[in-house]
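Single-structure report; data block below.
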Amino acid sequence: MNVTELRCIKCGRRYHPDRGNLVCDDCGRQGLLEVEYDYRNIARNHDRDALAAVGDRTMWRYAAFLPVTPGDRRSGLLVGGTPLYRAQRLGQAVGLTDLWVKDEGLNPTGSLKDRASALAVARALESGYNTVACASTGNAASSLAGNAANRGLRSVIFVPSRAPAGKVAQLLIYGATVISVDGTYEQTFALSETAIEERGWYNRNAAINPYLVEGKKTVALELAEQFGWKAPDWVALSVGDGCTLAGVYKGFYDLVQVGWVDRIPRLLGVQAEGCAPIYRALATGRLEPAPENTLADSIAVGKPRNPDKAIQAVKNSQGSMVTVSDEDILDAMRLLGRTTGIFGEPAGVAGLAGLRKAVASGLVGSGELAVVIMTGNGLKDIASGTRAATPPVRIPPDPEALEGVLGAAGLG
Ligand SMILES: *Cc1c(COP(=O)(O)O)cnc(C)c1O
């Protein structure tokens with residue numbers, strides 16, 4: 001394992017990587033830990049070109065950059081290895097000549113969260129836990145439940161009762177113990193923290209657990225490899241707790257440290273207008289809790305757990321943040337579906353909605369190479385998909401009625 005230490009991002013205190021406590025002893029919840037690596041060792045013992053011959057297409061092909069040892073027990077679900085598509089017609093529609101979409105909805109449980117949950121399950125197995133737990137707006141939950149089920153671990157999942165039915169169905173089918181809380185994500189989170197502490201379960205809660213960002217960063221490692229070890233100009237993605245954004249930054253940071261890519265792309269973090277605490281904190285320097293007022297449930301996080309790492313990621317990458325309305329999100333959902341054949345959930349397409357706005361405002365230039373990370377599958381939340389679309393015309397089973405409909409659709 002190439003991990004050297006865990007370092008508190010507040011006070012800088014360093015810890016041995018094998019410690020049980022996942023936050024800093026001095027700073028508590030404010031003291032999120034960063035996983036540090038021996039980059040000289042990685043650069044010496046690994047060669048980016050040798051990766052081409054590695055048959056494993058999952059996230060574990062980047063084990064040199066992860067807090068795991070060869071031979072560790074891991075989730076057997078095939079996480080990662082998602083496609084990167086060039087999206088020419090979508091690019092034309094938003095005003096970009098070189099636009100790409102990374103479809104994270106094709107992960108085993110349908111979202112980028114699988115990358116973090118697979119790593120959490122590997123750590124839990126190695127540390128001898130038999131129960132894993134988290135509070136989640138939906139995807140962290142379903143990915144944890146799925147990856148735990150694959151290895152015979154029990155999972156206990158706390159979700160706000162507003163979580164979309166598709167995500168809750170996933171939990172139930174994966175055999176999780178589901179606690180559906182009539183409250184906000186914030187309240188759900190607080191309830192889970194107490195229970196997890198008292199019962200000694202493995203804690204997969206966002207940001208509290210420094211290893212989750214390490215799992216999420218594999219999306220960046222994969223992107224860089226898919227681009228032939230070049231960094232795009234921009235990577236756009238949606239932001240809830242901030243761990244995904246921090247993970248994308250960390251992935252490119254690692255690659256720069258070992259000399260595999262020459263720079264970090266500018267990161268465009270996108271929040272919903274109705275819930276934008278990190279966006280506001282970037283502008284004002286102060287984090288204020290926000291209402292959770294958006295249909296993009298996966299980024300409806302009023303009190304984000306990872307604002308510091310996310311804001312650092314935006315600043316250090318010379319990136320930026322924008323907000324989008326629910327209408328912008330529904331528009332992006334339709335546009336993505338029509339031009340690429342990819343169906344995203346609201347938070348999944350919010351990155352695209354934000355990129356579109358950033359192109360319109362001139363922040364992103366039309367000739368720049370931009371990537372949208374489409375973070376979650378639209379089939380998880382068909383209520384939103386249905387809202388974005390026009391319902392089909394219903395007709396009786398008769399040819400004349402059919403003629404009428406086809407005529408109206410321009411197919412007469
Ligand atoms: C969790 C999630 C996000 C945001 O990730 P954070 O780490 O919470 O910022 C975006 N999109 C989808 C689909 C998600 O599930």
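Letters for chains follow the order of the structure tokens (A, B, ...), residue numbers begin at 1 for each chain, and ligand numbers begin at 1 in the order shown.
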Item to check | Exercise: segment 159-176 of chain A partners within 9 Å, only C-alpha atoms, chain neighbours under 3 positions left out, as a PyMOL selection string | outcome: chain A and resi 109+134-139+141-150+154-156+179-189+297-298+379-383
Writer output for current selection, C-alpha atoms, as a PDB file, in the first residue's frame:
```pdb
ATOM      1  CA  THR A 109     -26.052   0.238  -8.882  1.00  0.00           C
ATOM      2  CA  CYS A 134     -24.724   5.351   6.230  1.00  0.00           C
ATOM      3  CA  ALA A 135     -27.208   8.171   5.880  1.00  0.00           C
ATOM      4  CA  SER A 136     -27.842   9.179   2.321  1.00  0.00           C
ATOM      5  CA  THR A 137     -30.087  11.077  -0.017  1.00  0.00           C
ATOM      6  CA  GLY A 138     -30.292   7.810  -2.009  1.00  0.00           C
ATOM      7  CA  ASN A 139     -27.314   6.836  -4.147  1.00  0.00           C
ATOM      8  CA  ALA A 141     -27.296   4.210   0.228  1.00  0.00           C
ATOM      9  CA  SER A 142     -28.140   2.043  -2.758  1.00  0.00           C
ATOM     10  CA  SER A 143     -24.493   1.688  -3.740  1.00  0.00           C
ATOM     11  CA  LEU A 144     -23.475   0.724  -0.208  1.00  0.00           C
ATOM     12  CA  ALA A 145     -26.323  -1.758   0.078  1.00  0.00           C
ATOM     13  CA  GLY A 146     -25.455  -3.352  -3.279  1.00  0.00           C
ATOM     14  CA  ASN A 147     -21.718  -3.597  -2.697  1.00  0.00           C
ATOM     15  CA  ALA A 148     -22.290  -4.899   0.854  1.00  0.00           C
ATOM     16  CA  ALA A 149     -24.752  -7.524  -0.386  1.00  0.00           C
ATOM     17  CA  ASN A 150     -22.164  -8.728  -2.871  1.00  0.00           C
ATOM     18  CA  ARG A 154     -25.162  -6.402   6.536  1.00  0.00           C
ATOM     19  CA  SER A 155     -26.125  -2.830   5.712  1.00  0.00           C
ATOM     20  CA  VAL A 156     -28.170  -0.358   7.743  1.00  0.00           C
ATOM     21  CA  ILE A 179     -34.676   3.420   8.187  1.00  0.00           C
ATOM     22  CA  SER A 180     -36.834   5.962   6.360  1.00  0.00           C
ATOM     23  CA  VAL A 181     -36.795   9.208   8.339  1.00  0.00           C
ATOM     24  CA  ASP A 182     -39.543  11.827   8.133  1.00  0.00           C
ATOM     25  CA  GLY A 183     -37.106  14.726   8.187  1.00  0.00           C
ATOM     26  CA  THR A 184     -34.409  16.518   6.233  1.00  0.00           C
ATOM     27  CA  TYR A 185     -31.168  14.895   5.105  1.00  0.00           C
ATOM     28  CA  GLU A 186     -29.514  16.850   7.921  1.00  0.00           C
ATOM     29  CA  GLN A 187     -31.797  15.290  10.556  1.00  0.00           C
ATOM     30  CA  THR A 188     -31.431  11.865   8.983  1.00  0.00           C
ATOM     31  CA  PHE A 189     -27.657  12.247   9.075  1.00  0.00           C
ATOM     32  CA  ASP A 297     -32.512  14.984  -4.535  1.00  0.00           C
ATOM     33  CA  SER A 298     -28.915  13.724  -4.729  1.00  0.00           C
ATOM     34  CA  LEU A 379     -34.169   5.102 -14.185  1.00  0.00           C
ATOM     35  CA  LYS A 380     -33.649   5.639 -10.451  1.00  0.00           C
ATOM     36  CA  ASP A 381     -36.120   8.506 -10.497  1.00  0.00           C
ATOM     37  CA  ILE A 382     -38.658   8.149 -13.261  1.00  0.00           C
ATOM     38  CA  ALA A 383     -40.981  10.675 -11.622  1.00  0.00           C
TER      39      ALA A 383
END
```
Pick out the residues sitting within 12 Å of Gln318 of chain A, and hand them over as a PDB file with N, CA and C atoms, in the first residue's frame; count only C-alpha atoms, and ignore anything fewer than 5 positions along from it in its own chain.
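Saved as result.pdb:
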```
ATOM      1  N   ASP A 233      -9.815  20.663 -20.581  1.00  0.00           N
ATOM      2  CA  ASP A 233      -9.769  22.025 -20.050  1.00  0.00           C
ATOM      3  C   ASP A 233     -10.712  22.188 -18.863  1.00  0.00           C
ATOM      4  N   TRP A 234     -11.908  21.600 -18.980  1.00  0.00           N
ATOM      5  CA  TRP A 234     -12.926  21.734 -17.932  1.00  0.00           C
ATOM      6  C   TRP A 234     -13.542  20.382 -17.618  1.00  0.00           C
ATOM      7  N   VAL A 235     -13.863  20.153 -16.347  1.00  0.00           N
ATOM      8  CA  VAL A 235     -14.701  19.016 -15.964  1.00  0.00           C
ATOM      9  C   VAL A 235     -15.873  19.592 -15.161  1.00  0.00           C
ATOM     10  N   TYR A 249     -10.742  16.336  -8.079  1.00  0.00           N
ATOM     11  CA  TYR A 249      -9.516  17.118  -7.906  1.00  0.00           C
ATOM     12  C   TYR A 249      -8.369  16.223  -7.440  1.00  0.00           C
ATOM     13  N   ARG A 263      -1.278  18.727 -15.876  1.00  0.00           N
ATOM     14  CA  ARG A 263      -2.025  19.769 -15.151  1.00  0.00           C
ATOM     15  C   ARG A 263      -3.371  19.243 -14.677  1.00  0.00           C
ATOM     16  N   ILE A 264      -3.986  20.034 -13.817  1.00  0.00           N
ATOM     17  CA  ILE A 264      -5.311  19.702 -13.289  1.00  0.00           C
ATOM     18  C   ILE A 264      -6.336  20.504 -14.086  1.00  0.00           C
ATOM     19  N   PRO A 265      -7.400  19.862 -14.578  1.00  0.00           N
ATOM     20  CA  PRO A 265      -8.400  20.638 -15.329  1.00  0.00           C
ATOM     21  C   PRO A 265      -9.126  21.625 -14.424  1.00  0.00           C
ATOM     22  N   ARG A 266      -9.716  22.642 -15.036  1.00  0.00           N
ATOM     23  CA  ARG A 266     -10.545  23.576 -14.257  1.00  0.00           C
ATOM     24  C   ARG A 266     -11.857  22.870 -13.930  1.00  0.00           C
ATOM     25  N   LEU A 267     -12.245  22.930 -12.665  1.00  0.00           N
ATOM     26  CA  LEU A 267     -13.436  22.209 -12.236  1.00  0.00           C
ATOM     27  C   LEU A 267     -14.619  23.170 -12.141  1.00  0.00           C
ATOM     28  N   LEU A 268     -15.724  22.765 -12.750  1.00  0.00           N
ATOM     29  CA  LEU A 268     -16.946  23.558 -12.677  1.00  0.00           C
ATOM     30  C   LEU A 268     -17.936  22.821 -11.775  1.00  0.00           C
ATOM     31  N   GLY A 269     -18.112  23.335 -10.565  1.00  0.00           N
ATOM     32  CA  GLY A 269     -19.043  22.728  -9.612  1.00  0.00           C
ATOM     33  C   GLY A 269     -20.422  23.333  -9.784  1.00  0.00           C
ATOM     34  N   ILE A 311     -14.312  23.446  -1.843  1.00  0.00           N
ATOM     35  CA  ILE A 311     -13.949  24.833  -2.172  1.00  0.00           C
ATOM     36  C   ILE A 311     -12.462  24.927  -2.535  1.00  0.00           C
ATOM     37  N   GLN A 312     -11.637  24.203  -1.791  1.00  0.00           N
ATOM     38  CA  GLN A 312     -10.206  24.149  -2.146  1.00  0.00           C
ATOM     39  C   GLN A 312     -10.018  23.617  -3.564  1.00  0.00           C
ATOM     40  N   ALA A 313     -10.809  22.598  -3.909  1.00  0.00           N
ATOM     41  CA  ALA A 313     -10.677  21.978  -5.237  1.00  0.00           C
ATOM     42  C   ALA A 313     -11.012  22.986  -6.330  1.00  0.00           C
ATOM     43  N   LEU A 363     -17.863  32.048 -19.586  1.00  0.00           N
ATOM     44  CA  LEU A 363     -16.873  31.493 -18.647  1.00  0.00           C
ATOM     45  C   LEU A 363     -16.103  30.345 -19.301  1.00  0.00           C
TER      46      LEU A 363
END
```
Checklist entry - When the cut-off is 8 Å and you count only C-alpha atoms and all ligand atoms, which residues lie near ligand 1, shown as a VMD selection string? => result chain A and resid 111 to 113 137 to 140 206 237 to 246 298 to 299 301 304 306 345 to 348 350 374 to 377
Item to check | Neighbour list for Ile395 of chain A as a ChimeraX atom specification, cut-off 12 Å, only C-alpha atoms, skip fewer than 5 positions in-chain | outcome: /A:400-406
Item to check | Those of segment 206-240 of chain A in DSSP alpha helix (DSSP H), formatted as JSON, numbers by chain | outcome: {"A": [211, 212, 213, 214, 215, 216, 218, 219, 220, 221, 222, 223, 224, 225, 226]}
Keeping only N, CA and C atoms, write those residues as an mmCIF file, in the first residue's frame.
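Once everything was written out, this is again_9.cif:
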```cif
data_model
loop_
_atom_site.group_PDB
_atom_site.id
_atom_site.type_symbol
_atom_site.label_atom_id
_atom_site.label_comp_id
_atom_site.auth_asym_id
_atom_site.auth_seq_id
_atom_site.Cartn_x
_atom_site.Cartn_y
_atom_site.Cartn_z
ATOM 1 N N TYR A 211 -11.784 7.917 3.186
ATOM 2 C CA TYR A 211 -11.502 6.986 2.093
ATOM 3 C C TYR A 211 -12.488 7.112 0.942
ATOM 4 N N LEU A 212 -13.642 7.739 1.197
ATOM 5 C CA LEU A 212 -14.653 7.819 0.143
ATOM 6 C C LEU A 212 -14.163 8.667 -1.022
ATOM 7 N N VAL A 213 -13.499 9.784 -0.697
ATOM 8 C CA VAL A 213 -12.949 10.637 -1.749
ATOM 9 C C VAL A 213 -11.950 9.840 -2.591
ATOM 10 N N GLU A 214 -11.225 8.945 -1.936
ATOM 11 C CA GLU A 214 -10.234 8.129 -2.656
ATOM 12 C C GLU A 214 -10.916 7.220 -3.676
ATOM 13 N N GLY A 215 -12.075 6.687 -3.309
ATOM 14 C CA GLY A 215 -12.820 5.874 -4.277
ATOM 15 C C GLY A 215 -13.331 6.733 -5.414
ATOM 16 N N LYS A 216 -13.897 7.892 -5.059
ATOM 17 C CA LYS A 216 -14.479 8.759 -6.084
ATOM 18 C C LYS A 216 -13.428 9.301 -7.039
ATOM 19 N N THR A 218 -11.249 7.815 -8.544
ATOM 20 C CA THR A 218 -10.939 6.915 -9.660
ATOM 21 C C THR A 218 -11.643 7.343 -10.938
ATOM 22 N N VAL A 219 -12.723 8.131 -10.827
ATOM 23 C CA VAL A 219 -13.371 8.618 -12.052
ATOM 24 C C VAL A 219 -12.417 9.551 -12.803
ATOM 25 N N ALA A 220 -11.608 10.309 -12.057
ATOM 26 C CA ALA A 220 -10.647 11.217 -12.692
ATOM 27 C C ALA A 220 -9.474 10.437 -13.289
ATOM 28 N N LEU A 221 -9.008 9.413 -12.565
ATOM 29 C CA LEU A 221 -7.903 8.604 -13.081
ATOM 30 C C LEU A 221 -8.323 7.964 -14.405
ATOM 31 N N GLU A 222 -9.565 7.491 -14.410
ATOM 32 C CA GLU A 222 -10.086 6.832 -15.602
ATOM 33 C C GLU A 222 -10.225 7.813 -16.768
ATOM 34 N N LEU A 223 -10.751 9.012 -16.458
ATOM 35 C CA LEU A 223 -10.887 10.049 -17.484
ATOM 36 C C LEU A 223 -9.536 10.368 -18.116
ATOM 37 N N ALA A 224 -8.532 10.556 -17.268
ATOM 38 C CA ALA A 224 -7.200 10.903 -17.773
ATOM 39 C C ALA A 224 -6.684 9.796 -18.681
ATOM 40 N N GLU A 225 -6.879 8.540 -18.261
ATOM 41 C CA GLU A 225 -6.402 7.434 -19.096
ATOM 42 C C GLU A 225 -7.182 7.397 -20.416
ATOM 43 N N GLN A 226 -8.498 7.607 -20.350
ATOM 44 C CA GLN A 226 -9.309 7.573 -21.570
ATOM 45 C C GLN A 226 -8.917 8.685 -22.543
#
```
Quick check for you: according to DSSP on this backbone, which residues of segment 219-385 of chain A are classed as strand (DSSP E)? Reply as a tab-separated table (two decimals) with C-alpha atoms, in the first residue's frame.
```tsv
chain	number	residue	atom	x	y	z
A	234	TRP	CA	-12.93	21.73	-17.93
A	235	VAL	CA	-14.70	19.02	-15.96
A	236	ALA	CA	-18.29	19.88	-14.99
A	237	LEU	CA	-20.18	18.01	-12.29
A	238	SER	CA	-22.89	18.49	-9.70
A	266	ARG	CA	-10.55	23.58	-14.26
A	267	LEU	CA	-13.44	22.21	-12.24
A	268	LEU	CA	-16.95	23.56	-12.68
A	269	GLY	CA	-19.04	22.73	-9.61
A	270	VAL	CA	-22.78	22.97	-10.13
A	271	GLN	CA	-25.42	23.36	-7.42
A	272	ALA	CA	-29.18	23.78	-7.57
A	320	SER	CA	-15.67	28.06	-10.74
A	321	MET	CA	-19.17	27.31	-9.55
A	322	VAL	CA	-22.61	28.07	-10.95
A	323	THR	CA	-26.18	27.37	-9.91
A	324	VAL	CA	-29.02	26.05	-12.07
A	369	LEU	CA	-12.35	20.66	-24.29
A	370	ALA	CA	-15.04	20.04	-21.69
A	371	VAL	CA	-16.25	16.89	-19.96
A	372	VAL	CA	-19.55	16.44	-18.17
A	373	ILE	CA	-19.58	13.75	-15.52
A	374	MET	CA	-23.11	12.36	-15.68
```
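Atom CA of Val35 of chain A sits 6.6 Å away from atom CA of Arg7 of chain A.
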